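The structure appears right after this line, and notes come after that.
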Amino acid sequence: NRSESNMENRMVYEVWPGNNKFLCGGRAILGPDTKVLVLTVFLIAIPSAANVYFVASRLSTAATVLAIIWPVWCLTVLFKTSSTDPGILPRQPYPPQGYRDFPRVRDVEVNGHTVKSKYCDTCNLYRPPRCSHCSVCNNCVERFDHHCPWIGQCVGRR
């Protein structure tokens with residue numbers, strides 16, 4: 001079937017079921033909140049430009065250079081942070097065998113300690129310890145800390 005062969009030839013990011021957006025052929029992954037990321041860039045860039053124009057340019061060349069380099073570095077780190085995979089676990093296409101009878105929580109041994117691992121119905125997998133499902137991005141993220149609205153991305157393992 002032609003539609004099945006088209007699906008097999010597509011990259012993972014092209015058929016990703018989460019809410020993330022991909023750039024540069026899947027090399028950069030953004031969260032669903034890109035408008036807030038643009039707002040964050042403006043909240044850094046506009047005051048920084050005003051600082052260069054009104055303050056630093058009247059002080060010294062070194063102050064002007066520093067006033068230009070610092071926000072450029074901040075924006076670079078912001079883009080790097082917001083476009084990096086936070087540790088998203090790939091979804092499983094099907095639930096485990098015996099879908100109706102499998103346990104929702106199972107015990108897993110990690111470094112000699114028994115830990116409870118919960119099942120995620122959306123991603124069809126048992127989540128490892130410290131993994132949570134982000135309702136904004138609609139993905140399970142390893143070592144999930146929070147979904148940061150300023151970068152529009154989850155803060156997790158990476």
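Within each chain, counting starts at residue 1; across the structure tokens, chains are named A, B, ... in the order shown, with ligands numbered 1 upward in that order.
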**OP:** Pick out the residues sitting within 12 Å of A:Asn20, and hand them over as a PyMOL selection string; count only C-alpha atoms, and ignore anything fewer than 4 positions along from it in its own chain.
**Re:** chain A and resi 13-16+26+28-34+82-86+88+134-139+152-154
Selection export as a compact mmCIF listing (two decimals), in the first residue's frame, atoms kept: N, CA, C and O atoms:
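Generated output (again_8.txt):
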# COMPACT_ATOMS: atom_id res chain seq x y z
N TYR A 13 10.23 12.64 13.94
CA TYR A 13 9.69 13.94 14.31
C TYR A 13 8.51 14.36 13.43
O TYR A 13 7.68 15.17 13.83
N GLU A 14 8.40 13.81 12.23
CA GLU A 14 7.30 14.16 11.34
C GLU A 14 5.97 13.54 11.77
O GLU A 14 4.91 14.05 11.42
N VAL A 15 6.02 12.47 12.52
CA VAL A 15 4.79 11.81 12.97
C VAL A 15 4.68 11.83 14.49
O VAL A 15 3.96 11.04 15.06
N TRP A 16 5.42 12.71 15.15
CA TRP A 16 5.45 12.77 16.61
C TRP A 16 4.07 13.11 17.15
O TRP A 16 3.46 14.10 16.74
N GLY A 26 14.33 18.29 12.51
CA GLY A 26 14.21 17.50 13.74
C GLY A 26 15.36 17.67 14.70
O GLY A 26 15.38 17.05 15.76
N ALA A 28 16.18 20.45 16.34
CA ALA A 28 15.75 21.32 17.43
C ALA A 28 14.29 21.02 17.74
O ALA A 28 13.47 20.90 16.85
N ILE A 29 14.00 20.90 19.03
CA ILE A 29 12.64 20.59 19.47
C ILE A 29 12.18 21.71 20.39
O ILE A 29 12.85 22.06 21.36
N LEU A 30 11.07 22.32 20.05
CA LEU A 30 10.50 23.40 20.86
C LEU A 30 9.22 22.90 21.52
O LEU A 30 8.56 22.00 21.01
N GLY A 31 8.89 23.51 22.63
CA GLY A 31 7.63 23.20 23.28
C GLY A 31 6.48 23.85 22.52
O GLY A 31 6.69 24.57 21.55
N PRO A 32 5.26 23.61 22.96
CA PRO A 32 4.11 24.18 22.26
C PRO A 32 3.92 25.67 22.51
O PRO A 32 3.15 26.32 21.81
N ASP A 33 4.64 26.26 23.48
CA ASP A 33 4.45 27.66 23.86
C ASP A 33 5.44 28.59 23.17
O ASP A 33 6.14 29.35 23.82
N THR A 34 5.52 28.58 21.85
CA THR A 34 6.52 29.40 21.17
C THR A 34 6.22 30.90 21.26
O THR A 34 7.14 31.70 21.20
N SER A 82 15.80 26.22 25.17
CA SER A 82 14.43 26.01 24.70
C SER A 82 14.35 25.08 23.50
O SER A 82 13.26 24.61 23.17
N SER A 83 15.46 24.80 22.84
CA SER A 83 15.41 23.95 21.65
C SER A 83 16.07 22.58 21.85
O SER A 83 16.26 21.85 20.90
N THR A 84 16.39 22.25 23.09
CA THR A 84 17.01 20.96 23.40
C THR A 84 15.96 19.99 23.92
O THR A 84 15.06 20.37 24.67
N ASP A 85 16.10 18.74 23.54
CA ASP A 85 15.20 17.69 24.03
C ASP A 85 15.35 17.58 25.54
O ASP A 85 16.44 17.34 26.04
N PRO A 86 14.26 17.74 26.31
CA PRO A 86 14.36 17.69 27.76
C PRO A 86 14.46 16.28 28.34
O PRO A 86 14.54 16.11 29.54
N ILE A 88 12.56 13.44 26.58
CA ILE A 88 11.26 12.85 26.25
C ILE A 88 11.43 11.36 25.97
O ILE A 88 12.32 10.96 25.23
N CYS A 134 4.02 15.38 31.12
CA CYS A 134 3.74 16.82 31.06
C CYS A 134 2.44 17.01 30.29
O CYS A 134 2.34 16.62 29.12
N SER A 135 1.47 17.63 30.92
CA SER A 135 0.17 17.83 30.28
C SER A 135 0.23 18.90 29.20
O SER A 135 -0.60 18.91 28.29
N VAL A 136 1.20 19.80 29.28
CA VAL A 136 1.31 20.86 28.27
C VAL A 136 1.93 20.31 26.99
O VAL A 136 1.42 20.51 25.89
N CYS A 137 3.05 19.60 27.12
CA CYS A 137 3.73 19.04 25.94
C CYS A 137 3.14 17.71 25.50
O CYS A 137 3.38 17.26 24.39
N ASN A 138 2.41 17.05 26.39
CA ASN A 138 1.78 15.76 26.14
C ASN A 138 2.82 14.67 25.88
O ASN A 138 2.70 13.88 24.95
N ASN A 139 3.89 14.66 26.70
CA ASN A 139 4.96 13.66 26.62
C ASN A 139 5.38 13.25 28.02
O ASN A 139 5.29 14.05 28.95
N GLY A 152 9.10 27.86 27.28
CA GLY A 152 8.09 27.13 26.53
C GLY A 152 8.43 25.66 26.37
O GLY A 152 8.04 25.04 25.39
N GLN A 153 9.16 25.09 27.30
CA GLN A 153 9.66 23.72 27.19
C GLN A 153 9.71 23.10 28.57
O GLN A 153 9.78 23.80 29.58
N CYS A 154 9.73 21.79 28.62
CA CYS A 154 9.88 21.10 29.89
C CYS A 154 11.32 21.19 30.38
O CYS A 154 12.25 21.26 29.58
**OP:** Name all residues at most 10 Å from A:Lys116 (count only C-alpha atoms; drop same-chain ones fewer than 5 positions away) and give them as a list in words.
**Re:**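 The residues that qualify are Val105, Arg106, Asp107, Val108, Glu109, Val110, Tyr126, Arg127, Pro128 and Pro129 of chain A.
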**OP:** Using only C-alpha atoms, determine which residues lie at most 10 Å from A:Ile68, disregarding the query and same-chain residues fewer than 5 positions distant; provide the list as JSON, numbers by chain.
**Re:** {"A": [45, 48, 49, 51, 52, 56, 62, 63, 73]}
Original post:
Of the candidates A:Leu43, A:Leu89, A:Val36, A:Leu66, which shows the shortest atom-to-atom distance to A:Arg158, using only C-alpha atoms?
Top reply: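 Using only C-alpha atoms, the shortest distance to A:Arg158 belongs to A:Leu89.
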**OP:** Would you mind listing what lies within 9 Å of A:Gln92 as a count of residues only, with only C-alpha atoms counted and same-chain residues fewer than 5 positions away left out?
**Re:** 3
**OP:** Once DSSP has gone over the backbone, tell me which residues of chain A are in helix (DSSP H, G or I), as a ChimeraX atom specification.
**Re:** /A:2-8,12-15,24-26,34-59,61-82
**OP:** Find the residue from A:Arg58, A:Lys118, A:His133, A:Arg104 that sits nearest to A:Arg91; use only C-alpha atoms when measuring.
**Re:**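 So, comparing all the options, the nearest one is A:His133.
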Original post:
With distances taken over only C-alpha atoms, which of A:Val12, A:Arg27, A:Ser57, A:Glu142 is nearest to A:Lys80?
Top reply: A:Arg27
